[in-house]
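Chemist: Take this structure, written in structure tokens, and hold onto it; I'll ask about it next.
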Amino acid sequence: MPARFLLLGDSHAGCVGRAARQAGLPFVGGPVGSGRDFLGPFFDVADGAGEGEPVFRDGEAGRLVREFLDALEVTGLAGLEVPLVCTFGLSAHTVATRQNWDVHRDRHGTVPEGFLRSTLFADLVRAAVRGALAFYDHTAALGLRVLAPLPPQRVPGMSDPTVFFAAQTVVGSELAARGVEIVDLRARVTDGSGRQRPVFCHADDTIHGNLAFGRLVIAELLDRGL
């Protein structure tokens, strides 16, 4: 059966791919690196590799993407005929690394709410994920349909929870402004504190979703016609 979508992303894409395979849903792709790999600049646009095609700076990521495109029998993203499901730039726990925000804490050690709603904070977050935003600018220019699942709402000890949620809001708004469809399952997978419920958490780490979470993502993708 022909693939229903191309999956590209960091490790958060893993449970989505596993759920799709278990459901027998044909797709191509999977994780091509870690979350931090796709925050800063990670690709170049070179006409020599095709008309306006992104060329990944990391050789292994580029090799995997090339294999996925070959499996779809297209020469590049410009020829993609199925939707792109992508998690680039949604590594909110990395953006929210505590040490990065220490300079902005008040005397009580918290990052003030007013700062989290400020233009300065939004500018800092946009700068932190500028590589991913450039990628979504590019997919928009190519006219691709792109869907981005929000990450599991898990905040590891290395990250500041208030920054995590505020940064996620900024990034989500930026992606939506670029025509990306946000797959937001928070109302279904979180508790009263906004954190991921254990039933949707991978048991062996502090950041990933499990197969049950991936199934919900797949169900939402199917509801959207993929």
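Labeling convention for the structure tokens: chains A, B, ... as they appear, residues from 1 per chain, ligands from 1 in order of appearance.
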Can you pull out the residues contacting Phe68 of chain A? Cut-off 8 Å, using only C-alpha atoms, and skip same-chain residues under 5 positions away; I want them as a PDB file with N, CA, C and O atoms, in the first residue's frame.
Modeler:
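Once everything was written out, this is out_13.pdb:
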ATOM      1  N   LEU A   6       4.914  11.078   5.395  1.00  0.00           N
ATOM      2  CA  LEU A   6       6.345  11.037   5.681  1.00  0.00           C
ATOM      3  C   LEU A   6       6.535  11.522   7.107  1.00  0.00           C
ATOM      4  O   LEU A   6       6.031  12.593   7.476  1.00  0.00           O
ATOM      5  N   VAL A  28       6.365   6.288   5.703  1.00  0.00           N
ATOM      6  CA  VAL A  28       7.818   6.235   5.527  1.00  0.00           C
ATOM      7  C   VAL A  28       8.429   7.238   6.494  1.00  0.00           C
ATOM      8  O   VAL A  28       7.897   8.338   6.684  1.00  0.00           O
ATOM      9  N   GLY A  29       9.566   6.862   7.124  1.00  0.00           N
ATOM     10  CA  GLY A  29      10.287   7.817   7.950  1.00  0.00           C
ATOM     11  C   GLY A  29      10.475   7.371   9.375  1.00  0.00           C
ATOM     12  O   GLY A  29      10.283   6.219   9.733  1.00  0.00           O
TER      13      GLY A  29
END
Chemist: As a list in words, please: the residues near Leu221 of chain A (cut-off 10 Å, only C-alpha atoms, same-chain neighbours under 3 positions excluded).
Modeler: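 The residues satisfying every condition are Phe5, Val85, Leu147, Pro149, Val183, Arg215, Leu216, Val217, Ile218, Arg224, Gly225 and Leu226 of chain A.
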Chemist: Residues as selected, N, CA and C atoms, written as an mmCIF file, in the first residue's frame, can you do that?
Modeler:
data_model
loop_
_atom_site.group_PDB
_atom_site.id
_atom_site.type_symbol
_atom_site.label_atom_id
_atom_site.label_comp_id
_atom_site.auth_asym_id
_atom_site.auth_seq_id
_atom_site.Cartn_x
_atom_site.Cartn_y
_atom_site.Cartn_z
ATOM 1 N N PHE A 5 1.953 9.060 4.847
ATOM 2 C CA PHE A 5 2.658 10.276 5.256
ATOM 3 C C PHE A 5 4.141 10.000 5.383
ATOM 4 N N VAL A 85 4.638 14.714 8.598
ATOM 5 C CA VAL A 85 4.446 14.769 10.047
ATOM 6 C C VAL A 85 5.822 14.989 10.665
ATOM 7 N N LEU A 147 2.090 18.583 9.553
ATOM 8 C CA LEU A 147 1.435 18.417 10.843
ATOM 9 C C LEU A 147 2.497 18.177 11.898
ATOM 10 N N PRO A 149 2.947 17.152 15.889
ATOM 11 C CA PRO A 149 2.415 16.763 17.194
ATOM 12 C C PRO A 149 3.180 17.459 18.319
ATOM 13 N N VAL A 183 -0.913 19.245 16.233
ATOM 14 C CA VAL A 183 -1.651 18.113 16.797
ATOM 15 C C VAL A 183 -1.507 18.206 18.310
ATOM 16 N N ARG A 215 -0.421 6.024 19.820
ATOM 17 C CA ARG A 215 -1.701 5.626 19.237
ATOM 18 C C ARG A 215 -2.666 6.797 19.164
ATOM 19 N N LEU A 216 -2.665 7.645 20.187
ATOM 20 C CA LEU A 216 -3.538 8.817 20.159
ATOM 21 C C LEU A 216 -3.127 9.772 19.044
ATOM 22 N N VAL A 217 -1.825 9.935 18.851
ATOM 23 C CA VAL A 217 -1.353 10.784 17.760
ATOM 24 C C VAL A 217 -1.831 10.223 16.420
ATOM 25 N N ILE A 218 -1.666 8.918 16.236
ATOM 26 C CA ILE A 218 -2.089 8.291 14.984
ATOM 27 C C ILE A 218 -3.592 8.439 14.785
ATOM 28 N N ARG A 224 -7.749 13.518 10.729
ATOM 29 C CA ARG A 224 -7.459 14.647 9.845
ATOM 30 C C ARG A 224 -7.257 14.213 8.398
ATOM 31 N N GLY A 225 -7.517 12.967 8.120
ATOM 32 C CA GLY A 225 -7.528 12.518 6.738
ATOM 33 C C GLY A 225 -6.261 11.892 6.219
ATOM 34 N N LEU A 226 -5.279 11.653 7.098
ATOM 35 C CA LEU A 226 -4.042 11.058 6.612
ATOM 36 C C LEU A 226 -4.233 9.567 6.313
#
Chemist: If you run DSSP on the backbone here, which positions in segment 136-182 of chain A get strand (DSSP E)? Please write them as a ChimeraX atom specification.
Modeler: /A:146-149,181-182
Chemist: Give me a file of those residues, with C-alpha atoms, as a PDB file, in the first residue's frame.
Modeler:
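Listed below is the output, result_20.pdb:
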ATOM      1  CA  VAL A 146       2.776  19.737   7.545  1.00  0.00           C
ATOM      2  CA  LEU A 147       1.435  18.417  10.843  1.00  0.00           C
ATOM      3  CA  ALA A 148       3.378  18.760  14.091  1.00  0.00           C
ATOM      4  CA  PRO A 149       2.415  16.763  17.194  1.00  0.00           C
ATOM      5  CA  GLU A 181      -1.232  22.021  11.722  1.00  0.00           C
ATOM      6  CA  ILE A 182      -0.605  21.502  15.440  1.00  0.00           C
TER       7      ILE A 182
END
Chemist: As a PyMOL selection string, which residues of segment 12-223 of chain A does DSSP assign to alpha helix (DSSP H)?
Modeler: chain A and resi 14-23+59-71+92-95+113-116+119-128+130-141+161-177+186-189+211-223
Chemist: With only C-alpha atoms as the counted atoms, please give the residues lying no more than 10 Å from Glu60 of chain A, apart from itself and same-chain residues fewer than 5 positions off, as a PyMOL selection string.
Modeler: chain A and resi 32-33+65-66
Chemist: Can you write out the residues you just picked, keeping N, CA, C and O atoms, as a PDB file, in the first residue's frame?
Modeler:
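Resulting contents of out31.pdb:
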ATOM      1  N   VAL A  32      15.396  11.151  12.942  1.00  0.00           N
ATOM      2  CA  VAL A  32      16.657  11.323  12.205  1.00  0.00           C
ATOM      3  C   VAL A  32      17.713  12.026  13.057  1.00  0.00           C
ATOM      4  O   VAL A  32      18.765  12.413  12.549  1.00  0.00           O
ATOM      5  N   GLY A  33      17.454  12.183  14.346  1.00  0.00           N
ATOM      6  CA  GLY A  33      18.404  12.816  15.242  1.00  0.00           C
ATOM      7  C   GLY A  33      17.753  13.089  16.581  1.00  0.00           C
ATOM      8  O   GLY A  33      16.616  12.687  16.838  1.00  0.00           O
ATOM      9  N   VAL A  65      17.155  10.914   5.580  1.00  0.00           N
ATOM     10  CA  VAL A  65      16.119  11.640   4.832  1.00  0.00           C
ATOM     11  C   VAL A  65      16.153  11.229   3.360  1.00  0.00           C
ATOM     12  O   VAL A  65      15.108  11.032   2.732  1.00  0.00           O
ATOM     13  N   ARG A  66      17.352  11.094   2.822  1.00  0.00           N
ATOM     14  CA  ARG A  66      17.481  10.678   1.423  1.00  0.00           C
ATOM     15  C   ARG A  66      16.874   9.292   1.212  1.00  0.00           C
ATOM     16  O   ARG A  66      16.185   9.039   0.214  1.00  0.00           O
TER      17      ARG A  66
END
Chemist: Considering only C-alpha atoms, state which residue in the set A:Leu124, A:Ala134, A:Met158, A:Leu211 is at the smallest distance from Val170 of chain A.
Modeler: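 Closest residue, counting only C-alpha atoms: A:Leu124.
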Chemist: Smallest atom-to-atom distance to Cys201 of chain A: which of A:Arg154, A:Arg18, A:Arg178, A:Arg63, using only C-alpha atoms?
Modeler: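 Smallest distance to Cys201 of chain A is found for A:Arg154.
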Chemist: For Ala212 of chain A, please output as a PDB file with all heavy atoms, in the first residue's frame all residues within 8 Å (counting only C-alpha atoms; exclusion window: fewer than 2 positions along the same chain).
Modeler:
ATOM      1  N   ALA A  19       3.460   3.202  16.730  1.00  0.00           N
ATOM      2  CA  ALA A  19       2.008   3.055  16.726  1.00  0.00           C
ATOM      3  C   ALA A  19       1.474   2.856  15.315  1.00  0.00           C
ATOM      4  O   ALA A  19       0.551   2.061  15.091  1.00  0.00           O
ATOM      5  CB  ALA A  19       1.360   4.278  17.373  1.00  0.00           C
ATOM      6  N   VAL A 199       0.062   6.963  32.398  1.00  0.00           N
ATOM      7  CA  VAL A 199      -0.384   5.960  31.440  1.00  0.00           C
ATOM      8  C   VAL A 199       0.074   6.277  30.029  1.00  0.00           C
ATOM      9  O   VAL A 199       0.105   5.391  29.164  1.00  0.00           O
ATOM     10  CB  VAL A 199      -1.925   5.820  31.498  1.00  0.00           C
ATOM     11  CG1 VAL A 199      -2.622   7.050  30.956  1.00  0.00           C
ATOM     12  CG2 VAL A 199      -2.389   4.562  30.776  1.00  0.00           C
ATOM     13  N   PHE A 200       0.463   7.518  29.779  1.00  0.00           N
ATOM     14  CA  PHE A 200       0.939   7.925  28.453  1.00  0.00           C
ATOM     15  C   PHE A 200       2.441   8.219  28.442  1.00  0.00           C
ATOM     16  O   PHE A 200       2.950   8.810  27.490  1.00  0.00           O
ATOM     17  CB  PHE A 200       0.170   9.139  27.956  1.00  0.00           C
ATOM     18  CG  PHE A 200      -1.300   8.888  27.760  1.00  0.00           C
ATOM     19  CD1 PHE A 200      -2.239   9.494  28.575  1.00  0.00           C
ATOM     20  CD2 PHE A 200      -1.742   8.013  26.772  1.00  0.00           C
ATOM     21  CE1 PHE A 200      -3.591   9.248  28.404  1.00  0.00           C
ATOM     22  CE2 PHE A 200      -3.089   7.756  26.592  1.00  0.00           C
ATOM     23  CZ  PHE A 200      -4.025   8.376  27.416  1.00  0.00           C
ATOM     24  N   GLY A 209       6.949   9.906  25.274  1.00  0.00           N
ATOM     25  CA  GLY A 209       5.654   9.263  25.364  1.00  0.00           C
ATOM     26  C   GLY A 209       5.776   7.789  25.031  1.00  0.00           C
ATOM     27  O   GLY A 209       6.754   7.347  24.435  1.00  0.00           O
ATOM     28  N   ASN A 210       4.766   7.023  25.425  1.00  0.00           N
ATOM     29  CA  ASN A 210       4.794   5.581  25.162  1.00  0.00           C
ATOM     30  C   ASN A 210       3.917   5.228  23.960  1.00  0.00           C
ATOM     31  O   ASN A 210       3.417   6.108  23.256  1.00  0.00           O
ATOM     32  CB  ASN A 210       4.375   4.809  26.416  1.00  0.00           C
ATOM     33  CG  ASN A 210       2.953   5.144  26.852  1.00  0.00           C
ATOM     34  OD1 ASN A 210       2.215   5.838  26.153  1.00  0.00           O
ATOM     35  ND2 ASN A 210       2.562   4.643  28.015  1.00  0.00           N
ATOM     36  N   GLY A 214       1.489   7.378  21.346  1.00  0.00           N
ATOM     37  CA  GLY A 214       1.634   7.316  19.895  1.00  0.00           C
ATOM     38  C   GLY A 214       0.343   6.928  19.204  1.00  0.00           C
ATOM     39  O   GLY A 214       0.009   7.455  18.134  1.00  0.00           O
ATOM     40  N   ARG A 215      -0.421   6.024  19.820  1.00  0.00           N
ATOM     41  CA  ARG A 215      -1.701   5.626  19.237  1.00  0.00           C
ATOM     42  C   ARG A 215      -2.666   6.797  19.164  1.00  0.00           C
ATOM     43  O   ARG A 215      -3.428   6.938  18.188  1.00  0.00           O
ATOM     44  CB  ARG A 215      -2.317   4.499  20.064  1.00  0.00           C
ATOM     45  CG  ARG A 215      -1.619   3.156  19.927  1.00  0.00           C
ATOM     46  CD  ARG A 215      -2.181   2.176  20.917  1.00  0.00           C
ATOM     47  NE  ARG A 215      -1.535   0.874  20.834  1.00  0.00           N
ATOM     48  CZ  ARG A 215      -1.424   0.041  21.864  1.00  0.00           C
ATOM     49  NH1 ARG A 215      -1.925   0.382  23.054  1.00  0.00           N
ATOM     50  NH2 ARG A 215      -0.837  -1.127  21.719  1.00  0.00           N
ATOM     51  N   LEU A 216      -2.665   7.645  20.187  1.00  0.00           N
ATOM     52  CA  LEU A 216      -3.538   8.817  20.159  1.00  0.00           C
ATOM     53  C   LEU A 216      -3.127   9.772  19.044  1.00  0.00           C
ATOM     54  O   LEU A 216      -3.984  10.377  18.386  1.00  0.00           O
ATOM     55  CB  LEU A 216      -3.519   9.531  21.509  1.00  0.00           C
ATOM     56  CG  LEU A 216      -4.206   8.834  22.677  1.00  0.00           C
ATOM     57  CD1 LEU A 216      -4.151   9.713  23.925  1.00  0.00           C
ATOM     58  CD2 LEU A 216      -5.658   8.499  22.335  1.00  0.00           C
TER      59      LEU A 216
END
Chemist: Fewer than 6 positions away in the same chain doesn't count, so skip those; otherwise give me all residues within 12 Å of Leu64 of chain A, counting only C-alpha atoms, as a list in words.
Modeler: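 The neighbour list is Leu7, Leu8, Gly9, Val28, Gly29, Gly30, Pro31, Val32, Gly33, Val55, Phe56, Asp58, Asp70 and Ala71 of chain A.
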